[in-house]
$ cat my_file39.cif   # mmCIF, C-alpha atoms and all ligand atoms
data_work
#
loop_
_atom_site.label_atom_id
_atom_site.label_comp_id
_atom_site.auth_asym_id
_atom_site.auth_seq_id
_atom_site.Cartn_x
_atom_site.Cartn_y
_atom_site.Cartn_z
CA MET R 1 202.10 168.67 12.10
CA GLY R 2 203.16 172.05 10.77
CA SER R 3 204.76 170.84 7.56
CA LEU R 4 205.24 167.86 5.31
CA ASN R 5 208.91 167.85 6.34
CA ALA R 6 207.81 167.08 9.88
CA TRP R 7 205.83 164.20 8.39
CA GLU R 8 208.87 162.92 6.52
CA LEU R 9 210.87 162.92 9.75
CA VAL R 10 208.29 160.59 11.28
CA ALA R 11 208.16 158.58 8.08
CA GLY R 12 211.93 158.19 8.17
CA ALA R 13 212.17 157.53 11.89
CA ARG R 14 214.16 154.45 12.79
CA VAL R 15 212.96 152.83 15.95
CA GLY R 16 215.57 152.02 18.62
CA GLN R 17 218.60 149.94 17.61
CA THR R 18 216.58 147.72 15.32
CA GLY R 19 216.94 149.93 12.24
CA LEU R 20 213.33 149.17 11.41
CA GLN R 21 211.55 152.00 9.65
CA VAL R 22 207.97 153.16 10.05
CA SER R 23 206.18 152.66 6.77
CA THR R 24 204.39 155.81 5.64
CA CYS R 25 204.03 157.52 2.29
CA SER R 26 206.31 160.40 1.29
CA ALA R 27 205.52 164.11 1.59
CA ASP R 28 205.38 164.29 -2.21
CA THR R 29 202.70 161.63 -2.32
CA ILE R 30 200.60 163.45 0.28
CA GLY R 31 200.81 166.67 -1.76
CA ARG R 32 199.95 164.83 -4.98
CA VAL R 33 197.00 163.06 -3.38
CA GLN R 34 195.63 166.34 -1.93
CA ALA R 35 195.80 167.87 -5.41
CA ARG R 36 193.66 165.03 -6.81
CA LEU R 37 191.17 164.59 -3.99
CA ASP R 38 187.48 165.13 -4.69
CA ALA R 39 186.29 168.18 -2.71
CA GLY R 40 182.66 167.02 -3.13
CA GLY R 41 183.42 163.75 -1.38
CA LEU R 42 185.07 165.56 1.52
CA ARG R 43 182.03 167.84 1.82
CA GLN R 44 179.83 164.73 2.01
CA GLY R 45 182.07 163.50 4.83
CA ILE R 46 181.46 166.72 6.78
CA HIS R 47 177.73 166.38 6.10
CA HIS R 48 177.79 162.81 7.39
CA VAL R 49 179.29 163.98 10.71
CA TYR R 50 176.69 166.77 10.93
CA GLU R 51 173.83 164.35 10.29
CA HIS R 52 175.04 161.96 12.98
CA LEU R 53 175.36 164.73 15.55
CA LYS R 54 171.97 166.19 14.59
CA ARG R 55 170.27 162.81 14.92
CA ASN R 56 171.88 162.36 18.34
CA LYS R 57 170.51 165.76 19.42
CA ALA R 58 174.03 167.15 19.91
CA LEU R 59 173.29 170.30 17.85
CA PRO R 60 170.21 171.88 19.46
CA ASP R 61 168.79 175.20 18.27
CA VAL R 62 169.34 178.30 20.38
CA GLN R 63 165.84 178.87 21.82
CA GLY R 64 164.16 177.70 18.65
CA LEU R 65 166.58 179.36 16.27
CA GLY R 66 169.43 177.79 14.28
CA VAL R 67 172.35 180.21 14.06
CA ALA R 68 175.37 180.27 11.72
CA VAL R 69 178.11 182.78 10.93
CA LEU R 70 180.17 183.32 7.82
CA ASP R 71 183.33 185.27 7.10
CA GLY R 72 186.24 185.50 4.70
CA HIS R 73 189.76 184.45 5.65
CA GLU R 74 193.01 184.75 3.74
CA SER R 75 194.81 181.45 4.02
CA HIS R 76 198.30 182.60 3.04
CA ALA R 77 200.22 185.14 0.96
CA SER R 78 203.44 184.90 -1.03
CA TYR R 79 205.54 187.06 -3.37
CA LEU R 80 207.16 184.06 -5.02
CA ARG R 81 204.93 181.05 -5.38
CA HIS R 82 201.71 181.27 -7.30
CA CYS R 83 199.26 179.13 -9.22
CA PRO R 84 196.43 179.81 -11.70
CA GLY R 85 193.96 179.98 -8.76
CA CYS R 86 195.88 182.71 -6.93
CA LEU R 87 194.34 186.11 -6.26
CA GLN R 88 196.82 188.95 -6.52
CA ARG R 89 197.30 192.54 -5.36
CA THR R 90 199.98 195.16 -5.90
CA LEU R 91 201.67 196.44 -2.77
CA HIS R 92 203.25 199.89 -2.99
CA LEU R 93 206.46 199.48 -0.99
CA GLU R 94 209.39 201.84 -0.52
CA ALA R 95 211.51 199.72 -2.80
CA GLY R 96 208.83 199.85 -5.49
CA ASP R 97 205.63 198.00 -6.37
CA ARG R 98 205.45 194.28 -5.69
CA ILE R 99 202.81 191.78 -6.65
CA GLN R 100 201.61 189.57 -3.82
CA PHE R 101 199.72 186.32 -4.44
CA TYR R 102 197.20 184.87 -2.02
CA HIS R 103 194.25 182.54 -1.55
CA ARG R 104 191.10 183.47 0.32
CA GLN R 105 188.01 181.49 1.29
CA VAL R 106 184.59 182.25 2.74
CA THR R 107 183.83 179.86 5.62
CA LEU R 108 180.51 178.97 7.22
CA MET R 109 180.38 177.94 10.88
CA LEU R 110 177.33 176.57 12.66
CA LEU R 111 176.74 177.89 16.21
CA PRO R 112 174.35 175.46 17.89
CA GLY R 113 173.22 175.62 21.50
CA ALA R 114 174.74 173.38 24.17
CA PRO R 115 173.31 169.86 24.60
CA PRO R 116 172.15 169.22 28.23
CA GLY R 117 175.16 169.04 30.57
CA ARG R 118 177.64 169.44 27.72
CA GLU R 119 179.48 172.21 25.95
CA ALA R 120 178.19 173.53 22.62
CA ILE R 121 179.87 172.05 19.54
CA ARG R 122 180.75 174.61 16.88
CA LEU R 123 180.87 172.97 13.44
CA LEU R 124 182.76 174.16 10.36
CA LEU R 125 180.25 173.24 7.66
CA ASP R 126 181.91 174.34 4.44
CA HIS R 127 184.12 176.87 2.68
CA GLU R 128 184.27 178.29 -0.81
CA PRO R 129 187.43 179.62 -2.47
CA GLN R 130 187.22 183.20 -3.73
CA ARG R 131 187.85 183.32 -7.49
CA VAL R 132 189.96 185.78 -9.48
CA GLY R 133 188.07 189.03 -10.13
CA GLU R 134 185.28 188.22 -7.67
CA GLY R 135 184.11 190.09 -4.54
CA GLU R 136 183.75 188.28 -1.21
CA VAL R 137 179.94 188.59 -1.15
CA GLU R 138 179.73 186.84 -4.55
CA THR R 139 181.87 184.00 -3.16
CA ALA R 140 179.61 183.81 -0.11
CA LEU R 141 176.47 183.58 -2.27
CA ARG R 142 178.01 180.66 -4.20
CA LEU R 143 178.80 179.01 -0.86
CA LEU R 144 175.23 179.54 0.39
CA ALA R 145 173.74 178.26 -2.87
CA ARG R 146 175.48 174.95 -2.11
CA VAL R 147 175.09 174.89 1.69
CA ILE R 148 171.38 175.79 2.01
CA PRO R 149 170.07 172.88 -0.15
CA ALA R 150 172.53 170.49 1.60
CA TYR R 151 171.61 171.71 5.11
CA PRO R 152 168.07 173.11 4.67
CA ARG R 153 167.20 173.22 8.38
CA ALA R 154 170.65 173.78 9.91
CA PHE R 155 170.21 177.52 10.47
CA ASP R 156 167.56 180.28 10.35
CA LEU R 157 169.81 183.23 11.11
CA LEU R 158 173.13 184.07 9.47
CA LEU R 159 175.57 186.48 11.15
CA ALA R 160 178.17 188.40 9.14
CA ASP R 161 180.37 191.49 9.32
CA ALA R 162 179.78 194.93 7.79
CA LEU R 163 181.05 193.87 4.34
CA TYR R 164 177.88 191.77 3.95
CA GLY R 165 175.61 194.76 4.37
CA SER R 166 174.58 194.45 0.74
CA ALA R 167 171.08 194.11 -0.68
CA SER R 168 172.12 191.06 -2.74
CA PHE R 169 173.11 189.22 0.47
CA PHE R 170 169.91 190.17 2.34
CA ASN R 171 167.64 189.38 -0.61
CA PHE R 172 169.32 186.01 -1.26
CA LEU R 173 168.69 184.97 2.35
CA LEU R 174 165.11 186.31 2.33
CA ALA R 175 164.43 184.27 -0.83
CA HIS R 176 165.59 181.16 1.06
CA SER R 177 163.50 182.00 4.18
CA LYS R 178 166.61 182.83 6.26
CA HIS R 179 167.35 185.94 8.27
CA ALA R 180 170.46 188.09 7.89
CA ARG R 181 172.18 190.03 10.59
CA VAL R 182 175.16 192.26 9.81
CA LEU R 183 177.13 195.07 11.36
CA LEU R 184 175.93 198.43 10.01
CA LYS R 185 178.88 200.72 9.39
CA ASP R 186 178.34 202.53 6.16
CA GLU R 187 177.50 206.10 7.09
CA ARG R 188 176.62 206.95 3.52
CA ARG R 189 173.77 204.48 3.49
CA ASP R 190 170.21 205.84 3.63
CA LEU R 191 169.37 203.34 6.37
CA TYR R 192 172.26 204.57 8.52
CA GLN R 193 171.29 208.21 8.11
CA ASP R 194 167.68 207.34 8.87
CA VAL R 195 168.51 205.68 12.20
CA ALA R 196 171.21 208.20 13.14
CA GLY R 197 168.41 210.81 13.26
CA LEU R 198 166.30 208.49 15.47
CA PHE R 199 169.12 207.92 17.99
CA ASP R 200 169.05 211.62 18.83
CA GLN R 201 165.29 211.76 19.22
CA VAL R 202 164.44 208.51 20.97
CA ALA R 203 165.65 207.70 24.50
CA PRO R 204 167.40 204.33 24.76
CA HIS R 205 166.50 201.70 27.36
CA PRO R 206 169.08 200.29 29.77
CA GLY R 207 170.33 196.71 29.46
CA ARG R 208 173.18 194.37 30.25
CA TYR R 209 175.44 192.26 28.07
CA ARG R 210 177.63 190.04 30.30
CA SER R 211 179.28 192.51 32.71
CA ARG R 212 178.65 195.49 30.47
CA HIS R 213 176.16 198.26 31.13
CA CYS R 214 174.36 199.04 27.88
CA TRP R 215 172.02 201.55 26.34
CA TRP R 216 169.84 199.92 23.70
CA TRP R 217 167.91 201.35 20.79
CA ASP R 218 165.78 199.00 18.70
CA PHE R 219 163.87 200.19 15.61
CA SER R 220 161.70 197.84 13.54
CA ASP R 221 160.02 198.18 10.16
CA LEU R 222 162.52 200.57 8.61
CA ARG R 223 161.98 200.93 4.87
CA SER R 224 164.74 203.35 3.96
CA TRP R 225 166.92 200.57 2.52
CA ALA R 226 164.80 200.37 -0.61
CA GLN R 227 166.84 197.67 -2.39
CA VAL R 228 166.11 195.10 0.34
CA GLN R 229 162.82 193.28 -0.26
CA ALA R 230 161.63 193.43 3.36
CA PRO R 231 161.55 195.97 6.19
CA VAL R 232 164.78 196.06 8.17
CA ARG R 233 165.31 196.30 11.92
CA VAL R 234 168.25 198.25 13.38
CA ILE R 235 169.61 197.66 16.88
CA ARG R 236 172.25 199.78 18.58
CA SER R 237 174.08 198.80 21.75
CA LEU R 238 176.23 201.44 23.43
CA GLU R 239 178.26 199.48 26.00
CA THR R 240 180.47 200.64 28.87
CA TYR R 241 182.87 198.43 30.80
CA SER R 242 186.26 198.71 32.43
CA VAL R 243 189.61 197.22 31.55
CA ARG R 244 192.48 196.88 34.03
CA ARG R 245 195.51 198.77 32.70
CA GLN R 246 198.84 196.90 32.77
CA LEU R 247 200.77 200.06 33.56
CA ASP R 248 199.20 201.12 36.87
CA GLN R 249 196.67 198.31 37.52
CA ARG R 250 193.84 200.82 37.49
CA ASP R 251 190.49 200.26 35.86
CA ALA R 252 190.11 202.32 32.72
CA PRO R 253 186.58 202.88 31.44
CA GLN R 254 185.93 201.75 27.86
CA THR R 255 182.95 202.12 25.58
CA SER R 256 181.96 200.28 22.44
CA ASP R 257 179.19 201.24 20.11
CA TRP R 258 177.54 198.58 17.93
CA ILE R 259 174.90 199.03 15.27
CA TRP R 260 173.41 195.99 13.55
CA ALA R 261 170.91 195.62 10.71
CA THR R 262 168.73 192.53 10.60
CA THR R 263 165.56 191.09 9.09
CA LEU R 264 164.85 189.19 12.33
CA PRO R 265 161.51 190.47 13.74
CA ALA R 266 161.36 191.92 17.27
CA THR R 267 158.37 189.65 18.02
CA GLN R 268 160.59 186.60 17.49
CA VAL R 269 163.80 187.81 19.13
CA PRO R 270 163.75 190.56 21.80
CA THR R 271 166.54 193.17 22.02
CA GLU R 272 168.61 191.36 24.67
CA ARG R 273 168.94 188.14 22.67
CA ALA R 274 169.50 190.08 19.47
CA VAL R 275 172.46 191.91 21.09
CA GLY R 276 173.93 188.56 22.17
CA PHE R 277 173.68 187.27 18.57
CA GLY R 278 175.48 190.41 17.42
CA HIS R 279 178.47 189.59 19.62
CA GLN R 280 178.44 185.92 18.56
CA ARG R 281 179.61 187.05 15.13
CA TRP R 282 183.14 186.95 16.63
CA ASP R 283 182.91 183.21 17.35
CA ILE R 284 184.21 182.40 13.87
CA GLU R 285 187.34 184.45 14.59
CA ASN R 286 187.87 183.33 18.17
CA TYR R 287 186.98 179.66 17.90
CA GLY R 288 187.36 179.12 14.15
CA PHE R 289 190.16 180.92 12.32
CA ASN R 290 192.41 181.47 15.37
CA GLU R 291 192.36 177.81 16.31
CA LEU R 292 192.64 176.61 12.71
CA VAL R 293 195.75 178.71 12.16
CA ASN R 294 197.47 178.28 15.53
CA GLN R 295 196.60 174.67 16.36
CA TRP R 296 195.77 173.02 13.04
CA HIS R 297 198.35 174.76 10.82
CA SER R 298 195.61 175.51 8.30
CA ASP R 299 197.50 178.49 6.82
CA HIS R 300 200.47 176.38 5.85
CA VAL R 301 200.46 175.57 2.14
CA PHE R 302 201.45 171.92 1.91
CA LYS R 303 201.08 171.87 -1.84
CA HIS R 304 200.56 175.05 -3.84
CA ASP R 305 197.66 173.97 -6.01
CA SER R 306 194.06 175.26 -5.87
CA ASN R 307 192.47 171.84 -5.42
CA ALA R 308 195.07 170.77 -2.83
CA ILE R 309 194.47 173.97 -0.79
CA GLU R 310 190.65 173.56 -1.01
CA CYS R 311 190.76 169.87 -0.06
CA PHE R 312 193.35 170.24 2.68
CA LEU R 313 191.15 172.85 4.37
CA LEU R 314 188.11 170.57 4.11
CA VAL R 315 190.12 167.73 5.70
CA VAL R 316 191.04 170.12 8.53
CA PHE R 317 187.33 171.07 8.94
CA LEU R 318 186.45 167.38 9.20
CA ALA R 319 189.18 166.78 11.80
CA TYR R 320 188.18 169.93 13.76
CA ASN R 321 184.51 168.84 13.86
CA ILE R 322 185.28 165.28 14.93
CA PHE R 323 187.80 166.44 17.56
CA HIS R 324 185.36 168.90 19.12
CA ALA R 325 182.43 166.48 18.96
CA PHE R 326 184.64 163.87 20.66
CA LEU R 327 185.65 166.27 23.45
CA ALA R 328 182.12 167.53 24.05
CA LEU R 329 180.29 164.20 23.86
CA HIS R 330 182.74 161.45 24.80
CA VAL R 331 184.93 162.96 27.49
CA LYS R 332 183.03 163.41 30.73
CA PRO R 333 183.00 167.05 31.94
CA ALA R 334 184.67 165.94 35.22
CA ALA R 335 187.54 164.31 33.29
CA ARG R 336 188.01 167.42 31.13
CA LYS R 337 188.28 169.76 34.09
CA GLY R 338 191.62 171.60 34.25
CA LYS R 339 192.92 170.11 31.01
CA THR R 340 193.36 172.18 27.88
CA GLN R 341 192.31 171.21 24.37
CA VAL R 342 195.99 170.89 23.49
CA PHE R 343 196.35 168.21 26.20
CA TRP R 344 193.67 166.08 24.50
CA ALA R 345 195.17 166.66 21.04
CA ARG R 346 198.57 165.46 22.31
CA LEU R 347 197.02 162.46 24.00
CA ILE R 348 195.41 161.45 20.69
CA ALA R 349 198.71 162.05 18.85
CA ALA R 350 200.57 159.94 21.44
CA GLU R 351 198.18 157.08 20.79
CA LEU R 352 198.73 157.32 17.04
CA TYR R 353 202.52 157.32 17.50
CA GLY R 354 202.10 154.35 19.83
CA GLU R 355 200.29 152.47 17.04
CA LEU R 356 203.13 153.22 14.63
CA TYR R 357 205.61 151.96 17.19
CA LYS R 358 203.65 148.74 17.74
CA GLU R 359 203.81 148.12 14.00
CA VAL R 360 207.59 148.17 13.91
CA ARG R 361 208.43 146.78 17.34
CA PRO R 362 210.08 143.40 16.90
CA THR R 363 208.60 140.70 19.10
CA ARG R 364 211.83 140.05 20.97
CA MET R 365 211.94 143.60 22.34
CA PRO R 366 210.40 144.22 25.74
CA PRO R 367 207.05 146.05 25.41
ZN ZN R 401 197.87 179.92 -5.75
#
$ encode --input "my_file39.cif" --output "structure tokens"
Amino acid sequence: MGSLNAWELVAGARVGQTGLQVSTCSADTIGRVQARLDAGGLRQGIHHVYEHLKRNKALPDVQGLGVAVLDGHESHASYLRHCPGCLQRTLHLEAGDRIQFYHRQVTLMLLPGAPPGREAIRLLLDHEPQRVGEGEVETALRLLARVIPAYPRAFDLLLADALYGSASFFNFLLAHSKHARVLLKDERRDLYQDVAGLFDQVAPHPGRYRSRHCWWWDFSDLRSWAQVQAPVRVIRSLETYSVRRQLDQRDAPQTSDWIWATTLPATQVPTERAVGFGHQRWDIENYGFNELVNQWHSDHVFKHDSNAIECFLLVVFLAYNIFHAFLALHVKPAARKGKTQVFWARLIAAELYGELYKEVRPTRMPP
């Protein structure tokens, strides 16, 4: 449901001519309860689901490697409502400066391989709210300091965007025996300048990523990023593909150029797999944030309170994980064929409404 008002409409629904009312708590109560929930307990709930799935071999490694991705996401913004946990920024508008308030979290998603004959289950493991005056990488390190001890063997490689190309991020992961892999964008960086020179001198080798023709460069043991406590490997993938134009239905050639920095050794992961991991960084956008916002209404603020926002999001993570585990493991692939995720969500909702109806249906009414 997109709002607590929608909930109240169900709560106030009178069934048929009987005048009987479905008994549910009010929207106010839900908001108040969210504000008092224990985030630690919800995190344990998510861990419990993870443990069950892991024990049942539903979260296999990807060719011997556990992979996860993290990214920041702004959950909502408002000019009017704010709380002590709000971050704020000044927007310079035509009508003058305005202060905008918002909340932002760093989320960690696990990207396991697919169990035999099933689809892979992506799990939302945890999130950490960004605090006032703090950078996103700092928030991420606090998240990892909690997640790594709780899930010591869940992942070996962590994917992140260019913002995480910081020595503190790389060194933190190295200290916990994990590998980092980030997009390398900063042209001012010594490492970037170092490899930019190599691209001109060294011929790339051809490769393929899905339907794309690629030229790959792969340089190991680079030591020009002195602040990182290990040699760094840089991989570049220059990809060409075609996109059909709407206007004249002709194929228009496109190119994309990716450069990644990682501590993952070439002996462990060859170029082709490493390029695939680079593209998987988008999974958290495509399968995580997009679905959370569009299908789970996660950007709606049900109660503007830091704890309520943190806990509500954790409840959504729990629901997302259980829903996807249910679809992947309990619905036979043949039964799923041709039906969207939304179909299954509505079927589950219909069953819940049916239960509410059963509760209020007087015995003299026909079933
Ligand atoms: Zn706030």
$ residues_around --input "my_file39.cif" --residues "segment 79-87 of chain R" --least-positions-apart "2" --cutoff "9 Å" --atoms "all atoms listed in the file" --output "list in words"
Ala77, Arg89, Arg98, Ile99, Gln100, Phe101, Tyr102, His103, Arg104, Gln130, Arg131, Val132, Gly133, His304, Asp305, Ser306 and Asn307 of chain R
$ atom_distance --input "my_file39.cif" --atom1 "atom CA of Ala180 of chain R" --atom2 "atom CA of Leu158 of chain R"
5.1 Å
$ residues_near_point --input "my_file39.cif" --point "(167.7, 199.0, 23.8)" --cutoff "10 Å" --atoms "all atoms listed in the file" --output "PyMOL selection string"
chain R and resi 203-208+214-219+235-238+270-272+275
$ closest_residue --input "my_file39.cif" --among "R:Ala58, R:Ala167, R:Leu347, R:Leu198" --to "Gln227 of chain R" --atoms "only C-alpha atoms"
R:Ala167
$ atom_distance --input "my_file39.cif" --atom1 "atom CA of Asn171 of chain R" --atom2 "atom CA of Leu183 of chain R"
16.3 Å
$ residues_around --input "my_file39.cif" --residues "segment 283-299 of chain R" --least-positions-apart "3" --cutoff "8 Å" --atoms "all atoms listed in the file" --output "PyMOL selection string"
chain R and resi 1-2+69-71+73+75-76+109+124+280+313+316
$ closest_residue --input "my_file39.cif" --among "R:Asp97, R:Glu51, R:Glu74, R:Glu136" --to "ligand ZN 401 (chain R)" --atoms "all atoms listed in the file"
R:Glu74
$ closest_residue --input "my_file39.cif" --among "R:Gly96, R:Pro115, R:Pro129, R:Gly41" --to "ligand ZN 401 (chain R)" --atoms "all atoms listed in the file"
R:Pro129
$ atom_distance --input "my_file39.cif" --atom1 "atom CA of Arg244 of chain R" --atom2 "atom CA of Gly276 of chain R"
23.5 Å
$ closest_residue --input "my_file39.cif" --among "R:Ala335, R:Leu144, R:Ile259, R:Leu163" --to "His279 of chain R" --atoms "all atoms listed in the file"
R:Ile259
$ closest_residue --input "my_file39.cif" --among "R:Ser78, R:Ser224, R:Asp190, R:Leu314" --to "ligand ZN 401 (chain R)" --atoms "only C-alpha atoms and all ligand atoms"
R:Ser78
